[in-house]
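Below is protein-v8.cif, which holds mmCIF, C-alpha atoms and all ligand atoms.
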data_final
#
loop_
_atom_site.group_PDB
_atom_site.id
_atom_site.type_symbol
_atom_site.label_atom_id
_atom_site.label_comp_id
_atom_site.auth_asym_id
_atom_site.auth_seq_id
_atom_site.Cartn_x
_atom_site.Cartn_y
_atom_site.Cartn_z
ATOM 1 C CA MET A 330 0.000 0.000 0.000
ATOM 2 C CA SER A 331 1.115 3.559 -0.630
ATOM 3 C CA GLY A 332 1.702 5.952 2.260
ATOM 4 C CA ALA A 333 -1.602 7.785 1.713
ATOM 5 C CA PRO A 334 -4.333 7.046 4.289
ATOM 6 C CA ALA A 335 -7.093 4.806 2.909
ATOM 7 C CA ILE A 336 -9.609 7.619 3.324
ATOM 8 C CA GLU A 337 -9.120 11.348 3.629
ATOM 9 C CA VAL A 338 -11.930 13.890 3.343
ATOM 10 C CA THR A 339 -11.688 17.648 3.741
ATOM 11 C CA SER A 340 -14.567 20.133 4.023
ATOM 12 C CA LEU A 341 -16.798 17.455 2.514
ATOM 13 C CA SER A 342 -20.410 18.513 1.982
ATOM 14 C CA LYS A 343 -23.475 17.062 0.320
ATOM 15 C CA ARG A 344 -26.973 18.453 0.597
ATOM 16 C CA TYR A 345 -30.379 17.459 -0.696
ATOM 17 C CA GLY A 346 -32.354 20.630 -1.294
ATOM 18 C CA ALA A 347 -32.076 22.587 1.931
ATOM 19 C CA THR A 348 -31.018 19.537 3.995
ATOM 20 C CA PRO A 349 -27.301 19.129 4.620
ATOM 21 C CA ALA A 350 -26.718 15.364 4.602
ATOM 22 C CA VAL A 351 -22.941 15.669 5.127
ATOM 23 C CA ASP A 352 -21.809 19.027 6.429
ATOM 24 C CA ASP A 353 -18.235 20.302 6.077
ATOM 25 C CA LEU A 354 -16.641 17.064 7.249
ATOM 26 C CA ASP A 355 -12.903 16.628 7.840
ATOM 27 C CA TRP A 356 -11.741 13.104 8.565
ATOM 28 C CA SER A 357 -9.110 10.547 7.706
ATOM 29 C CA GLY A 358 -8.735 6.885 8.521
ATOM 30 C CA GLY A 359 -6.689 3.800 7.799
ATOM 31 C CA ARG A 360 -6.400 0.149 8.684
ATOM 32 C CA GLY A 361 -8.771 -1.498 11.139
ATOM 33 C CA VAL A 362 -12.493 -1.801 11.744
ATOM 34 C CA ILE A 363 -14.210 1.567 12.097
ATOM 35 C CA GLY A 364 -17.840 1.797 13.229
ATOM 36 C CA LEU A 365 -20.088 4.645 12.165
ATOM 37 C CA LEU A 366 -22.953 5.386 14.575
ATOM 38 C CA GLY A 367 -25.700 7.958 14.279
ATOM 39 C CA PRO A 368 -29.465 8.337 14.335
ATOM 40 C CA ASN A 369 -31.563 7.841 11.196
ATOM 41 C CA GLY A 370 -30.941 10.645 8.753
ATOM 42 C CA ALA A 371 -27.521 11.478 10.276
ATOM 43 C CA GLY A 372 -25.823 11.217 6.879
ATOM 44 C CA LYS A 373 -24.172 7.818 7.290
ATOM 45 C CA SER A 374 -25.351 6.323 3.985
ATOM 46 C CA THR A 375 -24.586 9.535 2.131
ATOM 47 C CA LEU A 376 -21.026 9.546 3.480
ATOM 48 C CA LEU A 377 -20.519 5.853 2.697
ATOM 49 C CA ARG A 378 -21.900 6.274 -0.828
ATOM 50 C CA MET A 379 -19.482 9.114 -1.517
ATOM 51 C CA LEU A 380 -16.555 7.035 -0.222
ATOM 52 C CA ALA A 381 -17.708 4.095 -2.340
ATOM 53 C CA THR A 382 -17.527 6.365 -5.429
ATOM 54 C CA VAL A 383 -21.235 6.022 -6.264
ATOM 55 C CA LEU A 384 -22.233 9.575 -5.266
ATOM 56 C CA ALA A 385 -20.426 12.834 -5.995
ATOM 57 C CA GLN A 386 -20.007 15.504 -3.322
ATOM 58 C CA ASP A 387 -21.244 19.090 -3.723
ATOM 59 C CA SER A 388 -18.038 20.557 -2.328
ATOM 60 C CA GLY A 389 -14.864 19.589 -0.508
ATOM 61 C CA ALA A 390 -12.392 16.852 -1.387
ATOM 62 C CA ILE A 391 -12.333 13.053 -1.126
ATOM 63 C CA ARG A 392 -9.188 10.985 -1.459
ATOM 64 C CA VAL A 393 -9.232 7.209 -1.314
ATOM 65 C CA PHE A 394 -5.723 5.705 -1.327
ATOM 66 C CA GLY A 395 -4.651 9.228 -2.313
ATOM 67 C CA LEU A 396 -6.819 9.043 -5.446
ATOM 68 C CA ASP A 397 -9.656 11.360 -6.440
ATOM 69 C CA PRO A 398 -12.984 9.644 -7.253
ATOM 70 C CA ALA A 399 -14.009 12.650 -9.377
ATOM 71 C CA VAL A 400 -11.312 11.710 -11.934
ATOM 72 C CA ALA A 401 -12.405 8.767 -14.128
ATOM 73 C CA ASP A 402 -9.060 6.874 -14.176
ATOM 74 C CA GLU A 403 -8.541 7.369 -10.478
ATOM 75 C CA ARG A 404 -12.129 6.306 -9.732
ATOM 76 C CA LEU A 405 -11.513 3.056 -11.592
ATOM 77 C CA ALA A 406 -8.279 2.493 -9.652
ATOM 78 C CA ILE A 407 -10.197 3.027 -6.385
ATOM 79 C CA ARG A 408 -12.978 0.631 -7.434
ATOM 80 C CA ARG A 409 -10.431 -2.099 -8.124
ATOM 81 C CA ARG A 410 -9.419 -1.965 -4.460
ATOM 82 C CA LEU A 411 -12.890 -1.415 -2.985
ATOM 83 C CA GLY A 412 -15.677 -3.652 -1.705
ATOM 84 C CA TYR A 413 -19.031 -1.986 -1.088
ATOM 85 C CA LEU A 414 -22.215 -3.248 0.534
ATOM 86 C CA PRO A 415 -24.995 -0.733 -0.154
ATOM 87 C CA GLN A 416 -27.924 -0.426 2.219
ATOM 88 C CA GLU A 417 -30.208 -1.921 -0.373
ATOM 89 C CA ALA A 418 -28.242 -4.188 -2.638
ATOM 90 C CA GLY A 419 -30.197 -4.841 -5.828
ATOM 91 C CA LEU A 420 -29.573 -8.514 -6.539
ATOM 92 C CA TYR A 421 -30.601 -10.417 -9.666
ATOM 93 C CA ARG A 422 -33.378 -12.476 -8.154
ATOM 94 C CA ASN A 423 -33.274 -15.338 -10.630
ATOM 95 C CA PHE A 424 -29.537 -15.937 -10.262
ATOM 96 C CA SER A 425 -28.334 -18.509 -7.788
ATOM 97 C CA ALA A 426 -26.214 -17.115 -4.946
ATOM 98 C CA TYR A 427 -23.169 -18.732 -6.549
ATOM 99 C CA ASP A 428 -23.867 -17.337 -10.021
ATOM 100 C CA LEU A 429 -24.482 -13.876 -8.663
ATOM 101 C CA VAL A 430 -21.195 -13.741 -6.740
ATOM 102 C CA ASP A 431 -19.429 -15.316 -9.728
ATOM 103 C CA TYR A 432 -20.858 -12.588 -11.949
ATOM 104 C CA VAL A 433 -19.576 -9.873 -9.615
ATOM 105 C CA ALA A 434 -16.203 -11.644 -9.599
ATOM 106 C CA VAL A 435 -16.084 -11.353 -13.402
ATOM 107 C CA LEU A 436 -16.862 -7.641 -13.110
ATOM 108 C CA LYS A 437 -14.070 -7.422 -10.558
ATOM 109 C CA GLU A 438 -11.754 -8.795 -13.237
ATOM 110 C CA ILE A 439 -10.989 -12.124 -11.588
ATOM 111 C CA THR A 440 -10.595 -13.712 -14.997
ATOM 112 C CA ASP A 441 -8.853 -17.012 -14.253
ATOM 113 C CA ARG A 442 -11.672 -19.589 -14.019
ATOM 114 C CA SER A 443 -10.251 -21.831 -11.360
ATOM 115 C CA ALA A 444 -9.011 -18.920 -9.224
ATOM 116 C CA ARG A 445 -12.444 -17.350 -9.564
ATOM 117 C CA ARG A 446 -14.234 -20.523 -8.496
ATOM 118 C CA ASP A 447 -12.004 -20.789 -5.418
ATOM 119 C CA GLU A 448 -12.554 -17.131 -4.589
ATOM 120 C CA VAL A 449 -16.355 -17.315 -4.989
ATOM 121 C CA ARG A 450 -16.464 -20.378 -2.741
ATOM 122 C CA ARG A 451 -14.201 -18.700 -0.198
ATOM 123 C CA VAL A 452 -16.388 -15.602 0.219
ATOM 124 C CA LEU A 453 -19.636 -17.620 0.257
ATOM 125 C CA GLY A 454 -18.031 -19.771 2.967
ATOM 126 C CA ASP A 455 -17.015 -16.655 4.893
ATOM 127 C CA VAL A 456 -20.659 -15.590 5.167
ATOM 128 C CA GLY A 457 -21.941 -19.110 5.921
ATOM 129 C CA MET A 458 -23.683 -19.620 2.572
ATOM 130 C CA THR A 459 -21.874 -22.752 1.381
ATOM 131 C CA ASP A 460 -24.863 -25.042 1.903
ATOM 132 C CA ASP A 461 -27.290 -22.669 0.180
ATOM 133 C CA MET A 462 -25.107 -21.328 -2.605
ATOM 134 C CA HIS A 463 -27.048 -22.979 -5.410
ATOM 135 C CA ARG A 464 -30.419 -21.617 -4.321
ATOM 136 C CA ARG A 465 -31.922 -18.765 -6.309
ATOM 137 C CA ILE A 466 -31.719 -15.353 -4.685
ATOM 138 C CA ARG A 467 -35.497 -14.944 -4.715
ATOM 139 C CA THR A 468 -35.949 -18.036 -2.540
ATOM 140 C CA LEU A 469 -33.511 -16.781 0.136
ATOM 141 C CA SER A 470 -34.535 -14.950 3.320
ATOM 142 C CA GLY A 471 -33.686 -11.251 3.656
ATOM 143 C CA GLY A 472 -30.771 -12.076 5.970
ATOM 144 C CA MET A 473 -29.378 -14.633 3.500
ATOM 145 C CA GLN A 474 -29.627 -12.153 0.617
ATOM 146 C CA ARG A 475 -27.733 -9.669 2.750
ATOM 147 C CA ARG A 476 -25.001 -12.256 3.335
ATOM 148 C CA VAL A 477 -24.720 -12.926 -0.403
ATOM 149 C CA ALA A 478 -24.279 -9.188 -0.999
ATOM 150 C CA LEU A 479 -21.631 -9.106 1.737
ATOM 151 C CA ALA A 480 -19.867 -12.057 0.093
ATOM 152 C CA ALA A 481 -19.739 -10.108 -3.174
ATOM 153 C CA ALA A 482 -18.175 -7.148 -1.336
ATOM 154 C CA LEU A 483 -15.458 -9.423 0.088
ATOM 155 C CA LEU A 484 -14.328 -10.674 -3.344
ATOM 156 C CA GLY A 485 -10.696 -10.127 -4.250
ATOM 157 C CA HIS A 486 -9.494 -9.060 -0.793
ATOM 158 C CA PRO A 487 -10.292 -5.337 -1.117
ATOM 159 C CA ASP A 488 -8.069 -2.821 0.683
ATOM 160 C CA LEU A 489 -11.174 -0.844 1.642
ATOM 161 C CA LEU A 490 -14.532 -2.305 2.633
ATOM 162 C CA VAL A 491 -17.443 0.136 2.898
ATOM 163 C CA LEU A 492 -20.430 -1.593 4.491
ATOM 164 C CA ASP A 493 -23.809 0.041 5.044
ATOM 165 C CA GLU A 494 -25.438 -1.774 7.977
ATOM 166 C CA PRO A 495 -23.873 -5.169 7.306
ATOM 167 C CA SER A 496 -25.523 -6.758 10.340
ATOM 168 C CA ALA A 497 -29.088 -5.704 9.462
ATOM 169 C CA GLY A 498 -31.252 -8.824 9.307
ATOM 170 C CA LEU A 499 -28.576 -11.185 10.632
ATOM 171 C CA ASP A 500 -29.279 -13.432 13.601
ATOM 172 C CA PRO A 501 -26.843 -13.402 16.574
ATOM 173 C CA ASP A 502 -24.949 -16.424 15.284
ATOM 174 C CA GLN A 503 -24.421 -14.891 11.857
ATOM 175 C CA ARG A 504 -23.440 -11.573 13.435
ATOM 176 C CA LEU A 505 -20.708 -13.329 15.386
ATOM 177 C CA ARG A 506 -19.449 -14.999 12.223
ATOM 178 C CA MET A 507 -19.493 -11.680 10.370
ATOM 179 C CA ARG A 508 -17.532 -10.001 13.164
ATOM 180 C CA GLY A 509 -14.895 -12.719 12.947
ATOM 181 C CA VAL A 510 -14.536 -12.304 9.185
ATOM 182 C CA LEU A 511 -14.425 -8.501 9.302
ATOM 183 C CA SER A 512 -11.956 -8.458 12.212
ATOM 184 C CA GLU A 513 -9.623 -10.575 10.146
ATOM 185 C CA VAL A 514 -10.036 -8.304 7.110
ATOM 186 C CA GLY A 515 -9.374 -5.314 9.393
ATOM 187 C CA GLN A 516 -5.894 -6.673 10.211
ATOM 188 C CA ARG A 517 -4.715 -5.695 6.742
ATOM 189 C CA ALA A 518 -7.410 -3.444 5.276
ATOM 190 C CA THR A 519 -9.762 -0.621 6.214
ATOM 191 C CA VAL A 520 -13.303 -1.646 7.111
ATOM 192 C CA LEU A 521 -15.776 1.210 7.553
ATOM 193 C CA LEU A 522 -19.263 0.078 8.554
ATOM 194 C CA SER A 523 -22.431 1.770 9.701
ATOM 195 C CA THR A 524 -24.518 0.203 12.413
ATOM 196 C CA HIS A 525 -27.262 0.949 14.886
ATOM 197 C CA GLN A 526 -25.813 -1.447 17.411
ATOM 198 C CA THR A 527 -23.493 0.020 19.986
ATOM 199 C CA ASP A 528 -22.724 -3.483 21.294
ATOM 200 C CA GLU A 529 -21.346 -4.304 17.865
ATOM 201 C CA VAL A 530 -19.045 -1.313 17.983
ATOM 202 C CA ALA A 531 -17.882 -2.261 21.478
ATOM 203 C CA ALA A 532 -17.333 -5.855 20.373
ATOM 204 C CA PHE A 533 -15.061 -5.438 17.399
ATOM 205 C CA CYS A 534 -14.435 -1.881 16.183
ATOM 206 C CA GLN A 535 -11.104 -0.251 17.011
ATOM 207 C CA ARG A 536 -12.457 3.174 16.251
ATOM 208 C CA VAL A 537 -15.922 4.705 16.388
ATOM 209 C CA LEU A 538 -17.381 7.758 14.699
ATOM 210 C CA VAL A 539 -20.621 9.419 15.763
ATOM 211 C CA LEU A 540 -22.318 11.370 13.024
ATOM 212 C CA ASP A 541 -25.385 13.579 13.466
ATOM 213 C CA ARG A 542 -26.872 16.011 10.971
ATOM 214 C CA GLY A 543 -23.852 15.441 8.765
ATOM 215 C CA ARG A 544 -21.348 16.482 11.417
ATOM 216 C CA LEU A 545 -18.860 14.389 13.337
ATOM 217 C CA LEU A 546 -19.626 14.490 17.064
ATOM 218 C CA PHE A 547 -17.041 11.930 18.157
ATOM 219 C CA ASP A 548 -14.029 10.143 16.708
ATOM 220 C CA GLY A 549 -12.021 7.815 18.911
ATOM 221 C CA ALA A 550 -11.767 4.459 20.645
ATOM 222 C CA PRO A 551 -15.063 2.870 21.779
ATOM 223 C CA ARG A 552 -13.923 2.927 25.431
ATOM 224 C CA ASP A 553 -13.327 6.685 25.151
ATOM 225 C CA LEU A 554 -16.890 7.162 23.896
ATOM 226 C CA ALA A 555 -18.105 5.286 26.982
ATOM 227 C CA ARG A 556 -15.831 7.467 29.162
ATOM 228 C CA ARG A 557 -17.552 10.579 27.843
ATOM 229 C CA ALA A 558 -20.408 9.593 30.133
ATOM 230 C CA THR A 559 -18.252 9.132 33.260
ATOM 231 C CA ASP A 560 -20.078 10.706 36.250
ATOM 232 C CA ARG A 561 -23.026 11.466 33.944
ATOM 233 C CA VAL A 562 -25.110 8.299 34.399
ATOM 234 C CA TRP A 563 -27.245 7.438 37.405
ATOM 235 C CA VAL A 564 -30.030 5.060 38.300
ATOM 236 C CA SER A 565 -33.231 5.924 40.141
ATOM 237 C CA ASP A 566 -36.654 4.493 40.971
ATOM 238 C CA VAL A 567 -38.556 7.078 38.920
ATOM 239 C CA PRO A 568 -37.435 9.030 35.834
ATOM 240 C CA ASP A 569 -35.400 12.074 36.877
ATOM 241 C CA ALA A 570 -37.043 15.243 35.515
ATOM 242 C CA GLY A 571 -33.636 16.965 35.412
ATOM 243 C CA ALA A 572 -32.079 14.275 33.181
ATOM 244 C CA LEU A 573 -31.345 14.772 29.487
ATOM 245 C CA ARG A 574 -32.790 11.320 28.926
ATOM 246 C CA SER A 575 -34.205 8.557 31.096
ATOM 247 C CA TRP A 576 -35.157 5.027 30.172
ATOM 248 C CA VAL A 577 -36.115 1.750 31.813
ATOM 249 C CA THR A 578 -33.457 -0.974 31.767
ATOM 250 C CA GLY A 579 -34.089 -4.707 31.502
ATOM 251 C CA ASP A 580 -33.670 -4.920 35.307
ATOM 252 C CA GLY A 581 -36.538 -2.470 35.799
ATOM 253 C CA ASP A 582 -34.229 0.343 36.989
ATOM 254 C CA ILE A 583 -34.539 3.820 35.523
ATOM 255 C CA ARG A 584 -31.263 4.866 33.922
ATOM 256 C CA ASN A 585 -30.655 8.599 33.490
ATOM 257 C CA ILE A 586 -27.996 10.582 31.630
ATOM 258 C CA GLY A 587 -27.178 14.243 32.135
ATOM 259 C CA THR A 588 -25.992 16.054 35.270
ATOM 260 C CA PRO A 589 -26.788 13.867 38.271
ATOM 261 C CA PRO A 590 -28.448 15.545 41.257
ATOM 262 C CA PRO A 591 -26.677 15.504 44.661
ATOM 263 C CA GLY A 592 -26.792 12.069 46.269
ATOM 264 C CA ALA A 593 -27.633 10.268 42.993
ATOM 265 C CA THR A 594 -26.529 6.655 42.518
ATOM 266 C CA VAL A 595 -23.923 7.226 39.811
ATOM 267 C CA VAL A 596 -23.018 4.120 37.800
ATOM 268 C CA GLU A 597 -20.298 3.017 35.390
ATOM 269 C CA PRO A 598 -21.075 4.237 31.846
ATOM 270 C CA THR A 599 -21.456 1.934 28.856
ATOM 271 C CA LEU A 600 -20.795 2.729 25.205
ATOM 272 C CA ASP A 601 -24.558 3.148 24.809
ATOM 273 C CA ASP A 602 -24.547 5.854 27.508
ATOM 274 C CA GLY A 603 -21.630 7.659 25.853
ATOM 275 C CA TYR A 604 -23.327 7.551 22.476
ATOM 276 C CA LEU A 605 -26.684 8.760 23.826
ATOM 277 C CA LEU A 606 -25.026 11.555 25.805
ATOM 278 C CA VAL A 607 -22.994 12.823 22.837
ATOM 279 C CA ALA A 608 -25.984 12.658 20.464
ATOM 280 C CA THR A 609 -28.469 14.150 22.948
ATOM 281 C CA GLU A 610 -26.235 17.014 24.092
ATOM 282 C CA ASP A 611 -25.662 17.930 20.476
ATOM 283 C CA GLY A 612 -29.418 17.835 19.858
ATOM 284 C CA VAL A 613 -29.981 20.145 22.837
ATOM 285 C CA ARG A 614 -27.371 22.618 21.545
ATOM 286 C CA ALA A 615 -28.902 22.707 18.056
HETATM 287 P P1 LIG A 701 -28.496 7.793 7.484
HETATM 288 O O1 LIG A 701 -27.831 6.798 6.602
HETATM 289 O O2 LIG A 701 -27.627 8.236 8.637
HETATM 290 O O3 LIG A 701 -29.860 7.382 7.951
HETATM 291 P P2 LIG A 701 -28.795 9.371 5.042
HETATM 292 O O4 LIG A 701 -27.428 9.621 4.524
HETATM 293 O O5 LIG A 701 -29.613 8.301 4.406
HETATM 294 O O6 LIG A 701 -28.713 9.151 6.631
HETATM 295 O O7 LIG A 701 -29.632 10.731 4.959
HETATM 296 C C1 LIG A 701 -29.128 11.982 5.387
HETATM 297 C C2 LIG A 701 -30.131 13.066 5.070
HETATM 298 O O8 LIG A 701 -30.216 13.232 3.654
HETATM 299 C C3 LIG A 701 -31.558 12.779 5.550
HETATM 300 O O9 LIG A 701 -32.148 14.015 5.915
HETATM 301 C C4 LIG A 701 -32.223 12.204 4.314
HETATM 302 O O10 LIG A 701 -33.608 12.436 4.347
HETATM 303 C C5 LIG A 701 -31.536 12.976 3.199
HETATM 304 N N1 LIG A 701 -31.425 12.198 1.945
HETATM 305 C C6 LIG A 701 -30.665 11.091 1.769
HETATM 306 N N2 LIG A 701 -30.761 10.637 0.499
HETATM 307 C C7 LIG A 701 -31.612 11.469 -0.141
HETATM 308 C C8 LIG A 701 -32.122 11.539 -1.477
HETATM 309 N N3 LIG A 701 -31.758 10.654 -2.409
HETATM 310 N N4 LIG A 701 -32.979 12.555 -1.772
HETATM 311 C C9 LIG A 701 -33.334 13.477 -0.833
HETATM 312 N N5 LIG A 701 -32.882 13.460 0.436
HETATM 313 C C10 LIG A 701 -32.041 12.472 0.792
#

Represent the structure of the file as structure tokens.
Amino acid sequence: MSGAPAIEVTSLSKRYGATPAVDDLDWSGGRGVIGLLGPNGAGKSTLLRMLATVLAQDSGAIRVFGLDPAVADERLAIRRRLGYLPQEAGLYRNFSAYDLVDYVAVLKEITDRSARRDEVRRVLGDVGMTDDMHRRIRTLSGGMQRRVALAAALLGHPDLLVLDEPSAGLDPDQRLRMRGVLSEVGQRATVLLSTHQTDEVAAFCQRVLVLDRGRLLFDGAPRDLARRATDRVWVSDVPDAGALRSWVTGDGDIRNIGTPPPGATVVEPTLDDGYLLVATEDGVRA
């Protein structure tokens, strides 16, 4: 790999009408698994689509491996090193899972037949689809279709994987398998994934980004996001009116975030608390 970071964006903006989807973003990142958290409409998909070279920005610069996706030759060079799982992958419903991934492998220029067969089987194995690989896409469950699309993104050992909610629709067992595969990929490549699950970020991301209204609210290690809520989380028997947010936990306790009142039972923060505090405080400021 060259010395350039896998991803570098400066003053990156994209708006839809009056809505800024990504707003003057500066960020760079390299090897490892990076989790992107944020509420619905935060701009996660828009950012991922721009990095995956399928959407052009309005202003600012994007460099992937030091290359500019706005320049046709450079865009092609990026795509050769990129795997992308869109939020809604349009799959040919009459293809079998195997034929679909094989087709993508051809597009990815894996021309040697026997190497391609091995590679298609490898990625279908990685997502646990070996037993079902000859079934037609239209007969597969939503979660299975998602895994086929993920398999296609893994083809050819990309240096950058951009994954829009890869765990959506997967059961806990499949999520564990996916984490294992992506952790391994993250040893040598950059994996940037969006998720709604803070436990997923805590479990296997080395770095976490929190995006809201197109702006980056946090960038750091998952444990540091949890630490943001140190001394800011307390439990009580009834919701605390002074809290920024209160909710009932599985144990039946009320958990509150904000500025605890004197004498409150302050507890150890989780990543969830850190995320909610960062997102809520930003919402209050806006
Ligand atoms: P997220 O992935 O975090 O849910 P998105 O990137 O999908 O967020 O959306 C960011 C903002 O841009 C939202 O306000 C959304 O409504 C808007 N948006 C996204 N795509 C489009 C589009 N194709 N046309 C109009 N508005 C869009």

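Between CA of Val577 in chain A and CA of Trp563 in chain A lies a distance of 11.9 Å.
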
Given the PyMOL selection byres (((chain A and resi 449) around 9) and not hetatm) and the file above, list the residues it selects as a PyMOL selection string.
chain A and resi 427+430-431+434+444-448+450-454+480-481+484

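Using only C-alpha atoms, the residues found no farther than 12 Å from Thr594 in chain A, other than those of its own chain fewer than 6 positions away, are Asp560, Arg561, Val562, Trp563, Val564, Ser565, Asp566, Asp569, Asp582, Ile583, Arg584, Asn585, Ile586 and Thr588 of chain A.
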
Give me the residues of range 469-566 of chain A that have any atom at most 10 Å from an atom of range 357-375 of chain A; for each, the nearest atom pair and the distance in Å, rounded to one decimal. Use all atoms listed in the file, sort by chain and number, and format it as JSON lines.
{"residue": "A:Asp488", "atom": "CA", "partner": "A:Arg360", "partner_atom": "CA", "distance": 8.7}
{"residue": "A:Leu489", "atom": "CA", "partner": "A:Arg360", "partner_atom": "CA", "distance": 8.6}
{"residue": "A:Leu490", "atom": "CA", "partner": "A:Val362", "partner_atom": "CA", "distance": 9.3}
{"residue": "A:Val491", "atom": "CA", "partner": "A:Ile363", "partner_atom": "CA", "distance": 9.9}
{"residue": "A:Leu492", "atom": "CA", "partner": "A:Ser374", "partner_atom": "CA", "distance": 9.3}
{"residue": "A:Asp493", "atom": "CA", "partner": "A:Ser374", "partner_atom": "CA", "distance": 6.6}
{"residue": "A:Glu494", "atom": "CA", "partner": "A:Ser374", "partner_atom": "CA", "distance": 9.0}
{"residue": "A:Arg508", "atom": "CA", "partner": "A:Val362", "partner_atom": "CA", "distance": 9.7}
{"residue": "A:Leu511", "atom": "CA", "partner": "A:Val362", "partner_atom": "CA", "distance": 7.4}
{"residue": "A:Ser512", "atom": "CA", "partner": "A:Val362", "partner_atom": "CA", "distance": 6.7}
{"residue": "A:Glu513", "atom": "CA", "partner": "A:Gly361", "partner_atom": "CA", "distance": 9.2}
{"residue": "A:Val514", "atom": "CA", "partner": "A:Gly361", "partner_atom": "CA", "distance": 8.0}
{"residue": "A:Gly515", "atom": "CA", "partner": "A:Gly361", "partner_atom": "CA", "distance": 4.2}
{"residue": "A:Gln516", "atom": "CA", "partner": "A:Gly361", "partner_atom": "CA", "distance": 6.0}
{"residue": "A:Arg517", "atom": "CA", "partner": "A:Arg360", "partner_atom": "CA", "distance": 6.4}
{"residue": "A:Ala518", "atom": "CA", "partner": "A:Arg360", "partner_atom": "CA", "distance": 5.1}
{"residue": "A:Thr519", "atom": "CA", "partner": "A:Arg360", "partner_atom": "CA", "distance": 4.2}
{"residue": "A:Val520", "atom": "CA", "partner": "A:Val362", "partner_atom": "CA", "distance": 4.7}
{"residue": "A:Leu521", "atom": "CA", "partner": "A:Ile363", "partner_atom": "CA", "distance": 4.8}
{"residue": "A:Leu522", "atom": "CA", "partner": "A:Gly364", "partner_atom": "CA", "distance": 5.2}
{"residue": "A:Ser523", "atom": "CA", "partner": "A:Leu365", "partner_atom": "CA", "distance": 4.5}
{"residue": "A:Thr524", "atom": "CA", "partner": "A:Leu366", "partner_atom": "CA", "distance": 5.8}
{"residue": "A:His525", "atom": "CA", "partner": "A:Leu366", "partner_atom": "CA", "distance": 6.2}
{"residue": "A:Gln526", "atom": "CA", "partner": "A:Leu366", "partner_atom": "CA", "distance": 7.9}
{"residue": "A:Thr527", "atom": "CA", "partner": "A:Leu366", "partner_atom": "CA", "distance": 7.6}
{"residue": "A:Glu529", "atom": "CA", "partner": "A:Gly364", "partner_atom": "CA", "distance": 8.4}
{"residue": "A:Val530", "atom": "CA", "partner": "A:Gly364", "partner_atom": "CA", "distance": 5.8}
{"residue": "A:Ala531", "atom": "CA", "partner": "A:Gly364", "partner_atom": "CA", "distance": 9.2}
{"residue": "A:Phe533", "atom": "CA", "partner": "A:Val362", "partner_atom": "CA", "distance": 7.2}
{"residue": "A:Cys534", "atom": "CA", "partner": "A:Val362", "partner_atom": "CA", "distance": 4.8}
{"residue": "A:Gln535", "atom": "CA", "partner": "A:Val362", "partner_atom": "CA", "distance": 5.7}
{"residue": "A:Arg536", "atom": "CA", "partner": "A:Ile363", "partner_atom": "CA", "distance": 4.8}
{"residue": "A:Val537", "atom": "CA", "partner": "A:Gly364", "partner_atom": "CA", "distance": 4.7}
{"residue": "A:Leu538", "atom": "CA", "partner": "A:Leu365", "partner_atom": "CA", "distance": 4.8}
{"residue": "A:Val539", "atom": "CA", "partner": "A:Leu366", "partner_atom": "CA", "distance": 4.8}
{"residue": "A:Leu540", "atom": "CA", "partner": "A:Gly367", "partner_atom": "CA", "distance": 5.0}
{"residue": "A:Asp541", "atom": "CA", "partner": "A:Ala371", "partner_atom": "CA", "distance": 4.4}
{"residue": "A:Arg542", "atom": "CA", "partner": "A:Ala371", "partner_atom": "CA", "distance": 4.6}
{"residue": "A:Gly543", "atom": "CA", "partner": "A:Gly372", "partner_atom": "CA", "distance": 5.0}
{"residue": "A:Arg544", "atom": "CA", "partner": "A:Ala371", "partner_atom": "CA", "distance": 8.0}
{"residue": "A:Leu545", "atom": "CA", "partner": "A:Gly367", "partner_atom": "CA", "distance": 9.4}
{"residue": "A:Leu546", "atom": "CA", "partner": "A:Gly367", "partner_atom": "CA", "distance": 9.3}
{"residue": "A:Phe547", "atom": "CA", "partner": "A:Leu366", "partner_atom": "CA", "distance": 9.5}
{"residue": "A:Asp548", "atom": "CA", "partner": "A:Leu365", "partner_atom": "CA", "distance": 9.4}
{"residue": "A:Gly549", "atom": "CA", "partner": "A:Ile363", "partner_atom": "CA", "distance": 9.5}
{"residue": "A:Ala550", "atom": "CA", "partner": "A:Ile363", "partner_atom": "CA", "distance": 9.3}
{"residue": "A:Pro551", "atom": "CA", "partner": "A:Gly364", "partner_atom": "CA", "distance": 9.1}

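Residues in contact with range 377-394 of chain A at 8 Å, where all atoms listed in the file are counted and same-chain residues fewer than 5 positions away are skipped, are listed as Ser331, Ala333, Pro334, Ala335, Ile336, Glu337, Val338, Thr339, Ser340, Leu341, Ser342, Lys343, Arg344, Asp353, Ala399, Arg404, Ile407, Arg408, Leu411, Tyr413, Pro415, Val491, Leu492 and Asp493 of chain A.
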
Determine the nearest neighbour of ligand LIG 701 (chain A) from the options A:Gly509, A:Gly346, A:Pro591, A:Gly612, counting only C-alpha atoms and all ligand atoms.
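Answer, going by the shortest atom-to-atom distance: A:Gly346.
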
Extract, using all atoms listed in the file, all DNA, RNA and protein residues at most 9 Å from Gly571 in chain A, discarding same-chain residues fewer than 6 positions from it, and format them as a CSV table (one decimal) with C-alpha atoms, keeping the file's coordinate frame.
chain,number,residue,atom,x,y,z
A,587,GLY,CA,-27.2,14.2,32.1
A,588,THR,CA,-26.0,16.1,35.3
A,589,PRO,CA,-26.8,13.9,38.3
A,590,PRO,CA,-28.4,15.5,41.3
